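Scroll down for the structure; my scribbles are underneath it.
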There are 2 protein chains.
Amino acid sequence: MKSKQTARMEDYLEAIYELQKEEGVARVSSIGRRLQVTMPTVNSAINRLSEKKLVKHDRYGDVELTREGLEIGREVSRRHRVLTLFLSRILGVDEETSRRDACEIEHSLSPKTADRLTSLVEFILDAPRQPEWLRNFDYYYRHGKRPRKCYERFDEEEG
Amino acid sequence: MKSKQTARMEDYLEAIYELQKEEGVARVSSIGRRLQVTMPTVNSAINRLSEKKLVKHDRYGDVELTREGLEIGREVSRRHRVLTLFLSRILGVDEETSRRDACEIEHSLSPKTADRLTSLVEFILDAPRQPEWLRNFDYYYRHGKRPRKCYERFDEEEG
DNA sequence: ATAATATGTTAGAGCTATCTAACATATAAG
DNA sequence: CTTATATGTTAGATAGCTCTAACATATTAT
(Lines give C-alpha, C1' and ligand atoms only; values in the text may rest on other atoms or scores of the structure.)
Protein backbone atom coordinates (compact mmCIF):
# COMPACT_ATOMS: atom_id res chain seq x y z
CA MET A 1 0.00 0.00 0.00
CA LYS A 2 1.83 3.08 1.31
CA SER A 3 -0.38 5.45 -0.70
CA LYS A 4 0.94 8.96 -1.18
CA GLN A 5 0.37 11.47 1.62
CA THR A 6 0.97 15.19 1.89
CA ALA A 7 4.30 16.19 3.34
CA ARG A 8 2.54 17.29 6.47
CA MET A 9 0.71 14.03 7.01
CA GLU A 10 4.07 12.29 6.65
CA ASP A 11 5.41 14.50 9.42
CA TYR A 12 2.63 13.40 11.72
CA LEU A 13 3.14 9.73 10.93
CA GLU A 14 6.86 10.06 11.49
CA ALA A 15 6.36 11.84 14.80
CA ILE A 16 3.90 9.22 15.99
CA TYR A 17 6.24 6.43 14.93
CA GLU A 18 9.18 7.92 16.76
CA LEU A 19 7.21 8.78 19.88
CA GLN A 20 6.00 5.21 20.10
CA LYS A 21 9.57 4.01 19.91
CA GLU A 22 10.99 6.56 22.30
CA GLU A 23 8.22 6.95 24.84
CA GLY A 24 6.04 3.91 24.38
CA VAL A 25 2.96 5.87 23.34
CA ALA A 26 2.11 8.92 21.26
CA ARG A 27 -0.29 11.44 22.80
CA VAL A 28 -1.92 14.45 21.19
CA SER A 29 0.16 16.68 23.42
CA SER A 30 3.50 15.02 22.69
CA ILE A 31 2.85 15.08 18.96
CA GLY A 32 2.03 18.77 19.15
CA ARG A 33 5.15 19.46 21.15
CA ARG A 34 7.34 17.62 18.67
CA LEU A 35 5.87 19.28 15.61
CA GLN A 36 5.45 22.66 17.25
CA VAL A 37 1.73 22.95 16.64
CA THR A 38 -1.22 23.34 18.99
CA MET A 39 -3.39 20.44 20.10
CA PRO A 40 -6.40 21.36 17.96
CA THR A 41 -4.11 21.23 14.97
CA VAL A 42 -2.95 17.77 15.94
CA ASN A 43 -6.55 16.80 16.40
CA SER A 44 -7.60 17.75 12.93
CA ALA A 45 -4.57 15.99 11.50
CA ILE A 46 -5.41 12.85 13.46
CA ASN A 47 -8.95 12.98 12.13
CA ARG A 48 -7.78 13.18 8.56
CA LEU A 49 -5.33 10.34 9.16
CA SER A 50 -8.09 8.29 10.76
CA GLU A 51 -10.27 8.66 7.71
CA LYS A 52 -7.44 7.31 5.63
CA LYS A 53 -7.00 4.42 8.03
CA LEU A 54 -3.45 5.36 8.89
CA VAL A 55 -4.01 5.83 12.62
CA LYS A 56 -6.46 4.67 15.28
CA HIS A 57 -7.57 7.05 17.98
CA ASP A 58 -10.32 6.95 20.62
CA ARG A 59 -11.35 10.12 22.42
CA TYR A 60 -8.79 11.00 25.08
CA GLY A 61 -6.74 7.96 24.22
CA ASP A 62 -3.32 7.22 22.74
CA VAL A 63 -2.71 7.65 19.06
CA GLU A 64 -1.81 4.39 17.38
CA LEU A 65 -0.56 3.58 13.92
CA THR A 66 -2.25 1.07 11.67
CA ARG A 67 -0.09 -1.32 9.71
CA GLU A 68 0.00 1.05 6.76
CA GLY A 69 0.60 4.12 8.89
CA LEU A 70 3.49 2.39 10.57
CA GLU A 71 5.09 1.51 7.26
CA ILE A 72 4.95 5.10 6.13
CA GLY A 73 6.17 6.48 9.44
CA ARG A 74 9.10 4.10 9.53
CA GLU A 75 10.02 4.88 5.96
CA VAL A 76 10.00 8.63 6.52
CA SER A 77 12.00 8.19 9.69
CA ARG A 78 14.58 6.17 7.82
CA ARG A 79 14.90 8.77 5.06
CA HIS A 80 15.29 11.36 7.75
CA ARG A 81 18.14 9.52 9.40
CA VAL A 82 20.03 8.98 6.17
CA LEU A 83 19.62 12.58 5.18
CA THR A 84 20.86 13.83 8.50
CA LEU A 85 23.94 11.66 8.17
CA PHE A 86 24.57 12.88 4.66
CA LEU A 87 24.22 16.52 5.60
CA SER A 88 26.27 16.39 8.76
CA ARG A 89 28.92 13.78 8.04
CA ILE A 90 29.47 14.12 4.33
CA LEU A 91 28.42 17.61 3.37
CA GLY A 92 29.68 18.84 6.71
CA VAL A 93 26.94 21.28 7.71
CA ASP A 94 26.41 21.99 11.38
CA GLU A 95 24.09 19.92 13.58
CA GLU A 96 21.32 22.45 13.80
CA THR A 97 21.17 23.08 10.05
CA SER A 98 21.29 19.42 9.12
CA ARG A 99 18.53 18.65 11.57
CA ARG A 100 16.31 21.36 10.17
CA ASP A 101 17.04 20.72 6.50
CA ALA A 102 16.57 16.97 6.88
CA CYS A 103 13.07 17.58 8.23
CA GLU A 104 12.15 19.41 5.11
CA ILE A 105 13.96 17.42 2.49
CA GLU A 106 12.82 14.03 3.72
CA HIS A 107 9.44 14.56 2.05
CA SER A 108 10.91 15.37 -1.30
CA LEU A 109 13.05 12.30 -1.79
CA SER A 110 11.64 9.83 -4.25
CA PRO A 111 12.22 6.18 -3.35
CA LYS A 112 14.86 5.93 -6.06
CA THR A 113 16.82 8.87 -4.76
CA ALA A 114 16.43 7.78 -1.15
CA ASP A 115 17.74 4.39 -2.11
CA ARG A 116 20.80 5.79 -3.85
CA LEU A 117 21.49 8.21 -1.05
CA THR A 118 21.29 5.45 1.53
CA SER A 119 23.78 3.51 -0.49
CA LEU A 120 26.11 6.48 -0.82
CA VAL A 121 26.01 7.19 2.89
CA GLU A 122 26.77 3.56 3.70
CA PHE A 123 29.49 3.43 1.11
CA ILE A 124 31.23 6.43 2.54
CA LEU A 125 30.67 6.07 6.25
CA ASP A 126 31.25 2.35 6.47
CA ALA A 127 34.42 2.50 4.39
CA PRO A 128 37.39 0.60 5.82
CA ARG A 129 39.26 3.91 6.01
CA GLN A 130 38.09 7.50 6.05
CA PRO A 131 38.07 8.41 2.36
CA GLU A 132 40.75 10.84 1.42
CA TRP A 133 38.56 12.84 -0.89
CA LEU A 134 36.26 13.74 2.00
CA ARG A 135 39.14 15.38 3.80
CA ASN A 136 40.10 17.03 0.55
CA PHE A 137 36.60 18.36 0.09
CA ASP A 138 36.69 19.93 3.49
CA TYR A 139 39.95 21.59 2.55
CA TYR A 140 38.44 22.72 -0.73
CA TYR A 141 35.41 24.19 1.01
CA ARG A 142 37.51 26.08 3.50
CA HIS A 143 40.25 27.29 1.18
CA GLY A 144 38.47 27.47 -2.16
CA LYS A 145 41.09 25.29 -3.78
CA ARG A 146 42.21 21.69 -3.78
CA PRO A 147 45.10 20.49 -1.66
CA ARG A 148 48.28 20.00 -3.65
CA LYS A 149 48.16 16.20 -3.66
CA CYS A 150 44.98 16.17 -5.76
CA TYR A 151 47.18 17.22 -8.65
CA GLU A 152 50.36 15.41 -7.67
CA ARG A 153 48.82 12.01 -8.06
CA PHE A 154 47.19 12.78 -11.39
CA ASP A 155 49.44 10.61 -13.53
CA GLU A 156 49.82 7.71 -11.17
CA GLU A 157 46.11 7.02 -11.00
CA GLU A 158 44.62 7.93 -14.30
CA GLY A 159 47.45 6.77 -16.57
CA MET B 1 15.99 41.54 1.64
CA LYS B 2 15.02 38.16 0.14
CA SER B 3 12.31 37.63 2.77
CA LYS B 4 11.05 34.10 3.17
CA GLN B 5 8.39 32.85 0.74
CA THR B 6 6.33 29.70 0.58
CA ALA B 7 7.77 26.91 -1.56
CA ARG B 8 5.08 27.56 -4.11
CA MET B 9 5.81 31.26 -4.39
CA GLU B 10 9.43 30.35 -4.95
CA ASP B 11 8.34 28.11 -7.81
CA TYR B 12 6.56 31.00 -9.46
CA LEU B 13 9.50 33.34 -9.05
CA GLU B 14 11.85 30.73 -10.44
CA ALA B 15 9.59 30.07 -13.42
CA ILE B 16 9.28 33.76 -14.19
CA TYR B 17 13.02 34.24 -13.87
CA GLU B 18 13.77 31.40 -16.24
CA LEU B 19 11.10 32.35 -18.74
CA GLN B 20 12.52 35.86 -18.90
CA LYS B 21 15.93 34.44 -19.62
CA GLU B 22 14.77 31.83 -22.10
CA GLU B 23 11.95 33.61 -23.91
CA GLY B 24 12.48 37.27 -23.15
CA VAL B 25 9.19 37.67 -21.30
CA ALA B 26 7.02 35.72 -18.88
CA ARG B 27 3.31 35.55 -19.65
CA VAL B 28 0.50 34.19 -17.52
CA SER B 29 0.06 31.37 -20.03
CA SER B 30 3.71 30.36 -20.21
CA ILE B 31 4.03 30.35 -16.44
CA GLY B 32 0.99 28.12 -16.18
CA ARG B 33 2.35 25.79 -18.81
CA ARG B 34 5.68 25.48 -17.04
CA LEU B 35 4.21 24.86 -13.61
CA GLN B 36 1.33 22.77 -14.87
CA VAL B 37 -1.41 24.91 -13.41
CA THR B 38 -4.32 26.80 -14.96
CA MET B 39 -4.25 30.50 -15.74
CA PRO B 40 -6.56 31.54 -12.90
CA THR B 41 -4.16 29.84 -10.54
CA VAL B 42 -1.27 31.80 -11.99
CA ASN B 43 -3.34 34.91 -11.64
CA SER B 44 -3.96 34.50 -7.97
CA ALA B 45 -0.31 33.69 -7.39
CA ILE B 46 0.72 36.81 -9.28
CA ASN B 47 -1.65 38.86 -7.17
CA ARG B 48 -0.15 37.55 -3.97
CA LEU B 49 3.35 38.17 -5.31
CA SER B 50 2.35 41.69 -6.33
CA GLU B 51 1.18 42.50 -2.84
CA LYS B 52 4.57 41.45 -1.58
CA LYS B 53 6.25 43.61 -4.20
CA LEU B 54 8.03 40.67 -5.80
CA VAL B 55 6.50 41.09 -9.25
CA LYS B 56 4.92 43.83 -11.34
CA HIS B 57 1.97 43.07 -13.57
CA ASP B 58 -0.51 45.21 -15.52
CA ARG B 59 -3.74 43.67 -16.82
CA TYR B 60 -3.05 41.63 -19.92
CA GLY B 61 0.62 42.49 -19.76
CA ASP B 62 3.90 40.69 -19.16
CA VAL B 63 4.84 39.57 -15.70
CA GLU B 64 7.99 41.27 -14.49
CA LEU B 65 10.18 40.70 -11.47
CA THR B 66 11.09 43.44 -9.05
CA ARG B 67 14.64 43.63 -7.82
CA GLU B 68 13.80 41.48 -4.83
CA GLY B 69 11.76 38.98 -6.85
CA LEU B 70 14.63 38.61 -9.26
CA GLU B 71 17.08 37.89 -6.49
CA ILE B 72 14.88 35.13 -5.12
CA GLY B 73 14.13 33.64 -8.54
CA ARG B 74 17.80 33.56 -9.46
CA GLU B 75 18.74 31.99 -6.17
CA VAL B 76 16.15 29.24 -6.45
CA SER B 77 17.17 28.59 -10.03
CA ARG B 78 20.77 28.23 -8.95
CA ARG B 79 19.91 25.79 -6.17
CA HIS B 80 17.89 23.85 -8.67
CA ARG B 81 20.80 23.53 -11.07
CA VAL B 82 23.23 22.38 -8.42
CA LEU B 83 20.79 19.84 -7.08
CA THR B 84 20.11 18.41 -10.48
CA LEU B 85 23.82 17.98 -11.03
CA PHE B 86 24.27 16.34 -7.69
CA LEU B 87 21.42 13.92 -8.21
CA SER B 88 22.26 12.94 -11.76
CA ARG B 89 26.04 13.10 -11.89
CA ILE B 90 27.04 12.15 -8.37
CA LEU B 91 24.21 10.14 -6.90
CA GLY B 92 23.57 8.69 -10.33
CA VAL B 93 19.76 8.76 -10.45
CA ASP B 94 18.10 8.89 -13.84
CA GLU B 95 17.29 12.16 -15.63
CA GLU B 96 13.57 12.10 -14.99
CA THR B 97 13.90 11.39 -11.28
CA SER B 98 16.60 13.97 -10.70
CA ARG B 99 14.58 16.58 -12.53
CA ARG B 100 11.51 15.89 -10.44
CA ASP B 101 13.29 15.56 -7.10
CA ALA B 102 15.31 18.70 -7.67
CA CYS B 103 12.09 20.67 -8.15
CA GLU B 104 10.93 19.62 -4.74
CA ILE B 105 14.13 19.69 -2.78
CA GLU B 106 15.26 23.09 -4.01
CA HIS B 107 12.84 24.74 -1.57
CA SER B 108 14.15 22.90 1.41
CA LEU B 109 17.82 23.77 1.13
CA SER B 110 18.98 26.33 3.60
CA PRO B 111 21.58 28.78 2.29
CA LYS B 112 24.25 26.99 4.30
CA THR B 113 23.47 23.61 2.85
CA ALA B 114 23.09 24.98 -0.65
CA ASP B 115 26.46 26.59 -0.30
CA ARG B 116 28.14 23.38 0.83
CA LEU B 117 26.41 21.36 -1.84
CA THR B 118 27.50 23.77 -4.53
CA SER B 119 31.02 23.42 -3.31
CA LEU B 120 30.82 19.64 -3.26
CA VAL B 121 29.45 19.50 -6.78
CA GLU B 122 32.19 21.79 -8.03
CA PHE B 123 34.80 19.85 -6.14
CA ILE B 124 33.78 16.58 -7.68
CA LEU B 125 32.76 17.56 -11.17
CA ASP B 126 35.59 19.97 -11.83
CA ALA B 127 38.22 17.58 -10.52
CA PRO B 128 41.28 17.18 -12.71
CA ARG B 129 40.41 13.48 -13.06
CA GLN B 130 37.23 11.53 -12.51
CA PRO B 131 37.44 10.56 -8.85
CA GLU B 132 37.97 6.88 -8.33
CA TRP B 133 35.57 6.64 -5.42
CA LEU B 134 32.73 7.74 -7.67
CA ARG B 135 33.32 4.75 -9.90
CA ASN B 136 33.64 2.61 -6.81
CA PHE B 137 30.37 3.90 -5.46
CA ASP B 138 28.63 2.94 -8.66
CA TYR B 139 30.10 -0.53 -8.34
CA TYR B 140 28.99 -0.67 -4.71
CA TYR B 141 25.47 0.38 -5.59
CA ARG B 142 25.16 -2.19 -8.33
CA HIS B 143 26.87 -5.08 -6.57
CA GLY B 144 26.19 -4.36 -2.91
CA LYS B 145 29.90 -4.60 -2.11
CA ARG B 146 33.07 -2.62 -2.67
CA PRO B 147 35.45 -3.46 -5.47
CA ARG B 148 38.51 -5.36 -4.28
CA LYS B 149 40.91 -2.45 -4.53
CA CYS B 150 39.10 -0.53 -1.80
CA TYR B 151 40.60 -3.00 0.62
CA GLU B 152 43.87 -3.66 -1.15
CA ARG B 153 45.11 -0.16 -0.61
CA PHE B 154 44.10 -0.01 3.03
CA ASP B 155 47.59 -0.21 4.53
CA GLU B 156 49.33 1.95 1.99
CA GLU B 157 47.11 4.95 2.65
CA GLU B 158 46.05 4.88 6.22
CA GLY B 159 49.18 3.49 7.84
C1' DA C 1 -12.98 44.63 -40.82
C1' DT C 2 -14.82 40.87 -38.89
C1' DA C 3 -14.71 36.35 -37.25
C1' DA C 4 -12.18 32.83 -34.95
C1' DT C 5 -8.75 31.69 -31.67
C1' DA C 6 -5.69 32.46 -28.04
C1' DT C 7 -4.88 34.67 -23.90
C1' DG C 8 -6.25 36.75 -19.58
C1' DT C 9 -9.52 37.82 -15.63
C1' DT C 10 -13.29 37.32 -12.15
C1' DA C 11 -16.22 34.81 -9.23
C1' DG C 12 -17.01 31.16 -6.48
C1' DA C 13 -15.92 26.73 -4.56
C1' DG C 14 -13.06 23.10 -2.01
C1' DC C 15 -9.31 21.18 0.59
C1' DT C 16 -5.21 21.46 3.73
C1' DA C 17 -3.28 23.35 7.58
C1' DT C 18 -3.12 26.36 10.95
C1' DC C 19 -4.81 29.35 14.85
C1' DT C 20 -7.68 31.15 19.23
C1' DA C 21 -11.43 30.79 22.40
C1' DA C 22 -14.42 28.06 24.85
C1' DC C 23 -15.61 23.86 26.72
C1' DA C 24 -14.86 18.82 28.50
C1' DT C 25 -12.46 15.11 30.62
C1' DA C 26 -8.60 12.93 33.14
C1' DT C 27 -5.02 12.95 36.45
C1' DA C 28 -2.56 14.50 40.40
C1' DA C 29 -2.36 16.81 44.90
C1' DG C 30 -4.35 18.22 48.93
C1' DC D 1 -13.08 13.07 47.41
C1' DT D 2 -12.79 17.36 45.80
C1' DT D 3 -10.11 20.75 43.63
C1' DA D 4 -6.49 22.30 40.60
C1' DT D 5 -3.90 21.32 36.63
C1' DA D 6 -2.90 19.09 32.56
C1' DT D 7 -4.66 17.19 28.59
C1' DG D 8 -7.99 16.81 24.90
C1' DT D 9 -11.96 18.39 21.89
C1' DT D 10 -15.18 21.46 19.28
C1' DA D 11 -16.31 25.48 16.82
C1' DG D 12 -15.20 28.97 13.94
C1' DA D 13 -11.80 31.91 11.57
C1' DT D 14 -7.97 32.74 8.25
C1' DA D 15 -4.62 31.92 4.62
C1' DG D 16 -2.59 29.32 0.68
C1' DC D 17 -3.30 27.07 -3.52
C1' DT D 18 -5.90 24.95 -6.57
C1' DC D 19 -9.93 24.19 -9.68
C1' DT D 20 -14.14 25.15 -13.16
C1' DA D 21 -17.32 28.18 -15.38
C1' DA D 22 -18.25 32.43 -17.27
C1' DC D 23 -16.78 36.53 -19.12
C1' DA D 24 -13.32 40.03 -21.36
C1' DT D 25 -9.61 41.42 -24.21
C1' DA D 26 -5.96 40.66 -27.75
C1' DT D 27 -4.15 38.60 -31.78
C1' DT D 28 -4.44 36.20 -36.09
C1' DA D 29 -6.39 34.80 -40.30
C1' DT D 30 -9.57 35.33 -43.88
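Residues are named by chain letter and number: chains run A, B, ... in the order of the C-alpha coordinates, numbers start at 1 in each chain, and ligands are numbered from 1 in the order shown.
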Requested in this report: Please determine the contact residues of chain D with respect to chain A at a cut-off of 12 Å, counting only C-alpha atoms (C1' of nucleotides), and supply them as a PyMOL selection string.
Outcome: chain D and resi 6-11
**Report entry** Selection near stretch 67-78 of chain B, 7 Å with only C-alpha atoms (C1' of nucleotides), sequence-local residues under 2 positions removed, as a PyMOL selection string
**Finding:** chain B and resi 1-2+10+13-14+17+54-55+65+80-82+106
**Report entry** Per-residue DSSP, chain A, filtered to alpha helix (DSSP H), as a PyMOL selection string
**Finding:** chain A and resi 7-23+28-35+39-51+67-85+95-105+111-125+132-143+149-152+154-158
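Of the listed residues (B:Lys56, B:Lys4, B:Arg48, B:His107), B:His107 comes nearest to chain A; the distances count only C-alpha atoms.
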